[in-house]
$ cat input35.txt   # compact mmCIF, C-alpha atoms and all ligand atoms
# COMPACT_ATOMS: atom_id res chain seq x y z
CA MET A 1 10.61 -13.13 8.16
CA GLY A 2 11.66 -16.10 5.97
CA THR A 3 15.02 -16.50 4.21
CA GLU A 4 15.38 -16.38 0.43
CA ASN A 5 15.56 -20.19 0.43
CA ASP A 6 12.30 -20.45 2.42
CA TYR A 7 10.58 -18.28 -0.20
CA ARG A 8 12.01 -20.27 -3.12
CA GLY A 9 11.18 -23.55 -1.41
CA PHE A 10 7.56 -22.58 -0.86
CA TYR A 11 6.70 -20.37 -3.85
CA GLY A 12 8.61 -22.42 -6.48
CA ASP A 13 7.80 -21.24 -10.02
CA THR A 14 5.10 -18.82 -8.81
CA GLN A 15 7.84 -16.66 -7.27
CA LEU A 16 8.80 -15.44 -10.76
CA LEU A 17 5.21 -14.19 -11.27
CA TYR A 18 5.24 -12.23 -8.02
CA ASP A 19 8.78 -10.88 -8.46
CA SER A 20 7.83 -9.78 -11.99
CA VAL A 21 4.54 -8.09 -11.07
CA LEU A 22 6.37 -6.08 -8.39
CA ILE A 23 9.09 -5.03 -10.88
CA GLU A 24 6.33 -3.94 -13.29
CA LEU A 25 4.42 -2.02 -10.62
CA VAL A 26 7.49 -0.19 -9.29
CA SER A 27 8.39 0.74 -12.86
CA ARG A 28 4.91 2.19 -13.52
CA LEU A 29 4.98 4.11 -10.24
CA ASN A 30 8.42 5.55 -11.01
CA ILE A 31 7.20 6.66 -14.43
CA ILE A 32 4.30 8.49 -12.68
CA ARG A 33 6.90 10.28 -10.51
CA LYS A 34 9.05 11.28 -13.49
CA TYR A 35 6.03 12.44 -15.50
CA LYS A 36 4.83 14.65 -12.63
CA VAL A 37 8.24 16.26 -12.12
CA LEU A 38 8.68 16.86 -15.87
CA ASN A 39 5.30 18.65 -15.83
CA ASN A 40 6.58 20.95 -13.04
CA GLU A 41 4.38 19.25 -10.48
CA ARG A 42 5.40 17.85 -7.12
CA ASP A 43 6.61 14.25 -6.95
CA PRO A 44 3.62 12.75 -5.06
CA ILE A 45 5.57 9.70 -3.83
CA GLU A 46 8.04 9.65 -0.95
CA ASN A 47 9.02 5.99 -1.25
CA ILE A 48 7.90 2.57 -2.45
CA LYS A 49 8.37 -0.73 -0.63
CA THR A 50 7.53 -4.16 -1.94
CA ARG A 51 7.13 -7.57 -0.37
CA ILE A 52 6.08 -11.07 -1.21
CA LYS A 53 3.92 -12.49 1.59
CA SER A 54 6.05 -14.61 3.90
CA PRO A 55 5.59 -18.39 3.43
CA GLY A 56 4.30 -18.64 7.03
CA SER A 57 1.59 -15.97 6.52
CA MET A 58 0.65 -17.42 3.14
CA ILE A 59 0.28 -20.95 4.56
CA GLU A 60 -1.94 -19.57 7.36
CA LYS A 61 -4.04 -17.61 4.88
CA LEU A 62 -4.57 -20.61 2.58
CA LYS A 63 -5.46 -22.87 5.53
CA SER A 64 -7.90 -20.29 6.93
CA ARG A 65 -9.75 -20.46 3.60
CA GLY A 66 -9.76 -24.24 3.54
CA ILE A 67 -7.26 -24.37 0.68
CA THR A 68 -4.36 -26.85 0.63
CA PRO A 69 -1.26 -24.73 1.36
CA MET A 70 0.64 -25.31 -1.88
CA ALA A 71 2.14 -22.71 -4.22
CA GLU A 72 0.02 -23.76 -7.21
CA ASN A 73 -3.11 -22.86 -5.20
CA ILE A 74 -2.05 -19.23 -4.71
CA PRO A 75 -2.82 -17.67 -8.14
CA GLY A 76 -6.58 -17.62 -8.53
CA ASN A 77 -7.20 -17.82 -4.78
CA ILE A 78 -5.02 -15.26 -3.02
CA MET A 79 -4.67 -11.78 -4.44
CA ASP A 80 -2.15 -10.20 -2.06
CA ALA A 81 0.81 -12.57 -2.43
CA ALA A 82 2.66 -9.65 -4.03
CA GLY A 83 2.30 -6.27 -2.40
CA ALA A 84 3.57 -2.75 -2.95
CA ARG A 85 3.33 -0.04 -0.31
CA VAL A 86 3.40 3.45 -1.74
CA ILE A 87 4.09 6.25 0.70
CA CYS A 88 2.80 9.62 -0.48
CA THR A 89 3.34 13.09 0.92
CA TYR A 90 -0.28 14.27 1.27
CA ILE A 91 -3.76 12.71 1.18
CA ASP A 92 -4.53 14.21 -2.24
CA ASP A 93 -1.37 12.51 -3.58
CA VAL A 94 -2.77 9.13 -2.43
CA TYR A 95 -5.92 9.59 -4.51
CA GLU A 96 -3.97 10.98 -7.47
CA VAL A 97 -1.60 7.98 -7.59
CA ALA A 98 -4.57 5.61 -7.23
CA ARG A 99 -6.44 7.45 -10.00
CA ILE A 100 -3.51 7.28 -12.43
CA LEU A 101 -2.86 3.57 -11.76
CA ALA A 102 -6.57 2.76 -12.21
CA SER A 103 -6.68 4.78 -15.46
CA GLN A 104 -4.00 2.64 -17.12
CA LYS A 105 -6.00 0.65 -19.66
CA ASP A 106 -4.24 -2.68 -19.24
CA ILE A 107 -4.61 -2.65 -15.45
CA LYS A 108 -7.81 -4.14 -14.07
CA VAL A 109 -8.94 -2.92 -10.66
CA ILE A 110 -10.37 -5.93 -8.84
CA GLU A 111 -11.11 -4.37 -5.45
CA VAL A 112 -10.71 -1.10 -3.58
CA LYS A 113 -10.82 -0.67 0.20
CA ASP A 114 -10.69 2.96 1.26
CA TYR A 115 -9.63 2.88 4.90
CA ILE A 116 -8.97 6.64 4.71
CA LYS A 117 -12.64 7.47 4.22
CA GLU A 118 -13.58 4.65 6.60
CA PRO A 119 -10.72 3.82 8.97
CA LYS A 120 -10.54 0.35 10.51
CA PRO A 121 -11.73 0.03 14.15
CA SER A 122 -8.03 -0.10 15.12
CA GLY A 123 -7.56 3.41 13.69
CA TYR A 124 -5.69 2.08 10.61
CA ARG A 125 -5.87 4.41 7.60
CA SER A 126 -4.69 3.49 4.10
CA TYR A 127 -6.03 3.11 0.57
CA HIS A 128 -5.89 -0.50 -0.65
CA MET A 129 -6.28 -1.67 -4.21
CA ILE A 130 -6.14 -5.17 -5.63
CA ILE A 131 -5.12 -4.85 -9.25
CA GLU A 132 -4.42 -7.29 -12.05
CA VAL A 133 -1.39 -6.40 -14.14
CA PRO A 134 -0.19 -7.98 -17.39
CA ILE A 135 3.38 -9.20 -17.27
CA TYR A 136 5.46 -10.95 -19.89
CA ILE A 137 7.28 -14.12 -18.87
CA GLY A 138 9.37 -14.66 -21.98
CA GLU A 139 6.83 -14.73 -24.80
CA GLU A 140 3.84 -15.50 -22.61
CA CYS A 141 1.60 -12.79 -21.19
CA ARG A 142 0.24 -13.55 -17.73
CA ARG A 143 -2.19 -11.44 -15.70
CA VAL A 144 -1.04 -11.34 -12.09
CA CYS A 145 -2.79 -9.83 -9.05
CA ALA A 146 -1.07 -7.60 -6.55
CA GLU A 147 -2.12 -5.51 -3.57
CA VAL A 148 -1.17 -1.84 -3.59
CA GLN A 149 -1.39 -0.06 -0.25
CA ILE A 150 -1.20 3.70 -0.74
CA ARG A 151 -0.91 5.96 2.27
CA THR A 152 0.68 9.14 3.55
CA LEU A 153 3.81 9.52 5.65
CA SER A 154 1.74 10.08 8.76
CA MET A 155 -0.56 7.09 8.09
CA ASP A 156 2.56 4.96 7.61
CA PHE A 157 4.14 6.33 10.79
CA TRP A 158 1.06 5.25 12.79
CA ALA A 159 0.71 1.85 11.04
CA SER A 160 4.39 0.95 11.53
CA LEU A 161 4.36 1.74 15.24
CA GLU A 162 0.98 0.09 15.79
CA HIS A 163 2.19 -3.01 13.95
CA GLN A 164 5.23 -3.29 16.26
CA ILE A 165 3.13 -2.78 19.40
CA ARG A 166 0.36 -5.16 18.30
CA TYR A 167 2.75 -8.10 18.09
CA LYS A 168 3.78 -7.73 21.73
CA HIS A 169 1.34 -10.18 23.28
CA ASP A 170 2.28 -9.61 26.91
CA ILE A 171 0.15 -6.46 27.17
CA PRO A 172 -2.08 -6.88 30.24
CA ASN A 173 -4.96 -4.56 29.25
CA GLN A 174 -5.46 -4.73 25.50
CA ALA A 175 -8.61 -2.54 25.56
CA ILE A 176 -6.83 0.48 27.05
CA ILE A 177 -3.95 0.14 24.58
CA ALA A 178 -6.35 -0.19 21.64
CA SER A 179 -8.20 2.93 22.71
CA GLU A 180 -4.92 4.86 23.15
CA LEU A 181 -3.79 3.77 19.66
CA ARG A 182 -7.11 4.96 18.19
CA ARG A 183 -6.63 8.31 19.95
CA CYS A 184 -3.11 8.56 18.43
CA ALA A 185 -4.57 7.76 14.99
CA ASP A 186 -7.06 10.64 15.36
CA GLU A 187 -4.32 13.02 16.50
CA VAL A 188 -2.00 12.04 13.65
CA ALA A 189 -4.87 12.53 11.16
CA SER A 190 -5.62 15.96 12.62
CA VAL A 191 -1.95 17.08 12.43
CA GLU A 192 -1.87 15.87 8.84
CA MET A 193 -4.92 18.02 7.97
CA ASN A 194 -3.17 21.03 9.54
CA PHE A 195 -0.12 20.47 7.30
CA LEU A 196 -2.42 20.27 4.28
CA THR A 197 -4.06 23.57 5.24
CA ILE A 198 -0.65 25.25 5.70
CA ARG A 199 0.50 23.90 2.33
CA ASP A 200 -2.59 25.35 0.63
CA MET A 201 -2.19 28.68 2.48
CA ILE A 202 1.39 29.01 1.22
CA ALA A 203 0.31 28.19 -2.34
CA GLU A 204 -2.46 30.82 -2.12
CA MET A 205 -0.06 33.47 -0.73
CA LYS A 206 2.46 32.69 -3.47
CA LYS A 207 -0.24 33.03 -6.14
CA GLU A 208 -1.32 36.41 -4.75
CA ALA A 209 2.30 37.61 -4.60
CA ASP A 210 2.90 36.49 -8.21
CA ASN A 211 -0.19 38.41 -9.36
CA GLN A 212 0.97 41.68 -7.82
P1 LIG A 301 1.14 -8.86 5.53
O1 LIG A 301 1.52 -9.96 4.69
O2 LIG A 301 2.03 -8.67 6.72
O3 LIG A 301 0.96 -7.57 4.75
P2 LIG A 301 -7.66 -10.12 3.31
O4 LIG A 301 -6.20 -9.92 2.99
O5 LIG A 301 -8.58 -9.40 2.35
O6 LIG A 301 -8.02 -11.54 3.51
P3 LIG A 301 -8.22 -8.08 5.16
O7 LIG A 301 -7.86 -7.87 6.61
O8 LIG A 301 -9.65 -7.82 4.80
O9 LIG A 301 -7.82 -9.52 4.74
O10 LIG A 301 -7.30 -7.21 4.22
P4 LIG A 301 -7.08 -5.68 4.35
O11 LIG A 301 -8.07 -5.08 5.25
O12 LIG A 301 -7.04 -5.13 2.97
O13 LIG A 301 -5.67 -5.56 5.09
C1 LIG A 301 -4.57 -6.33 4.80
C2 LIG A 301 -3.26 -5.61 5.15
O14 LIG A 301 -3.50 -4.26 5.59
C3 LIG A 301 -2.53 -6.25 6.31
O15 LIG A 301 -1.70 -7.25 5.81
C4 LIG A 301 -1.69 -5.08 6.86
O16 LIG A 301 -0.55 -4.87 6.05
C5 LIG A 301 -2.63 -3.93 6.67
N1 LIG A 301 -3.50 -3.70 7.85
C6 LIG A 301 -4.83 -3.95 7.94
N2 LIG A 301 -5.30 -3.60 9.14
C7 LIG A 301 -4.25 -3.09 9.85
C8 LIG A 301 -4.12 -2.54 11.17
O17 LIG A 301 -5.06 -2.45 11.96
N3 LIG A 301 -2.85 -2.13 11.53
C9 LIG A 301 -1.78 -2.20 10.69
N4 LIG A 301 -0.60 -1.76 11.14
N5 LIG A 301 -1.88 -2.74 9.45
C10 LIG A 301 -3.10 -3.17 9.03
P5 LIG A 301 -1.51 -8.61 6.65
O18 LIG A 301 -2.64 -9.50 6.33
O19 LIG A 301 -1.29 -8.27 8.07
O20 LIG A 301 -0.26 -9.31 6.07

$ encode --input "input35.txt" --output "structure tokens" --more "lines below"
Ligand code: 0O2
Amino acid sequence: MGTENDYRGFYGDTQLLYDSVLIELVSRLNIIRKYKVLNNERDPIENIKTRIKSPGSMIEKLKSRGITPMAENIPGNIMDAAGARVICTYIDDVYEVARILASQKDIKVIEVKDYIKEPKPSGYRSYHMIIEVPIYIGEECRRVCAEVQIRTLSMDFWASLEHQIRYKHDIPNQAIIASELRRCADEVASVEMNFLTIRDMIAEMKKEADNQ
């Protein structure tokens, strides 16, 4: 984790682009929440986190692509310098938030990776979008890319723990741990489906009771 000065030192003027695109994204997501609640629907979002890729990770990423690790080489080459993680309550909320964002006419969807339909070999589940968003820097309109990771509480629970464990390199038998983590991912996904079924059962019971 770099300090604010590390970020400023590395990102220079591009930092304003990434700070701004994240402000814009969070604002659009919060408007989705308000609009849902005003329409007597559930707020689909539990919380939103944002980050600008750490200078260390960004330098590694640029080098791995054979690009000189300088801030001016980021826009146009790297699309996940700015990232928002949107934690939703249920799986259907994930797809609803993604659908609404993609439907906004001035947003261009560059890439979608649906690791919910096709989880990663690690067991990781999440819906990833790279989108291009217009932002105004003073009078000038710039189109800036950002990565949006949308996932449920349970997907985030698994990913956060797995991320912590994965960075402990003194694990003697990686294969066993990887297989255990995949098993946990399957169990978490199954519990999540049970919650969804219970939610739908309650809604059905309520509808029947209201009709009587
Ligand atoms: P950071 O900065 O810590 O978020 P690409 O970015 O396209 O070159 P890749 O791997 O194809 O590389 O991108 P992908 O699959 O969209 O995933 C990128 C991000 O997803 C990662 O960011 C993680 O945040 C998350 N992620 C992907 N796989 C896993 C996983 O197995 N476990 C967990 N916990 N998270 C995962 P970075 O790159 O790590 O950087």

$ residues_around --input "input35.txt" --residues "region 52-59 of chain A" --least-positions-apart "3" --cutoff "12 Å" --atoms "all atoms listed in the file" --output "ChimeraX atom specification"
/A:1-12,14-23,49,62-71,73-75,77-85,145-148

$ residues_near_ligand --input "input35.txt" --ligand "ligand LIG 301 (chain A)" --cutoff "7 Å" --atoms "only C-alpha atoms and all ligand atoms" --output "number ranges by chain"
A: 53-54, 57, 80, 113, 120, 122-124, 128, 159-160, 162-163

$ atom_distance --input "input35.txt" --atom1 "CA of Arg51 (chain A)" --atom2 "CA of Met129 (chain A)"
15.1 Å

$ closest_residue --input "input35.txt" --among "A:Pro172, A:Arg125, A:Thr197, A:Glu208" --to "Cys184 (chain A)" --atoms "all atoms listed in the file"
A:Arg125

$ residues_around --input "input35.txt" --residues "region 35-46 of chain A" --least-positions-apart "5" --cutoff "8 Å" --atoms "all atoms listed in the file" --output "PyMOL selection string"
chain A and resi 86-90+93-94+97+153

$ atom_distance --input "input35.txt" --atom1 "CA of Thr152 (chain A)" --atom2 "CA of Lys206 (chain A)"
24.6 Å

$ closest_residue --input "input35.txt" --among "A:Glu72, A:Glu132, A:Tyr115, A:Ile150" --to "Tyr95 (chain A)" --atoms "only C-alpha atoms"
A:Ile150

$ residues_around --input "input35.txt" --residues "Glu24 (chain A)" --least-positions-apart "5" --cutoff "9 Å" --atoms "all atoms listed in the file" --output "list in words"
Asp19, Leu29, Val133, Pro134 and Ile135 of chain A

$ atom_distance --input "input35.txt" --atom1 "CA of Gln212 (chain A)" --atom2 "CA of Ile198 (chain A)"
21.3 Å
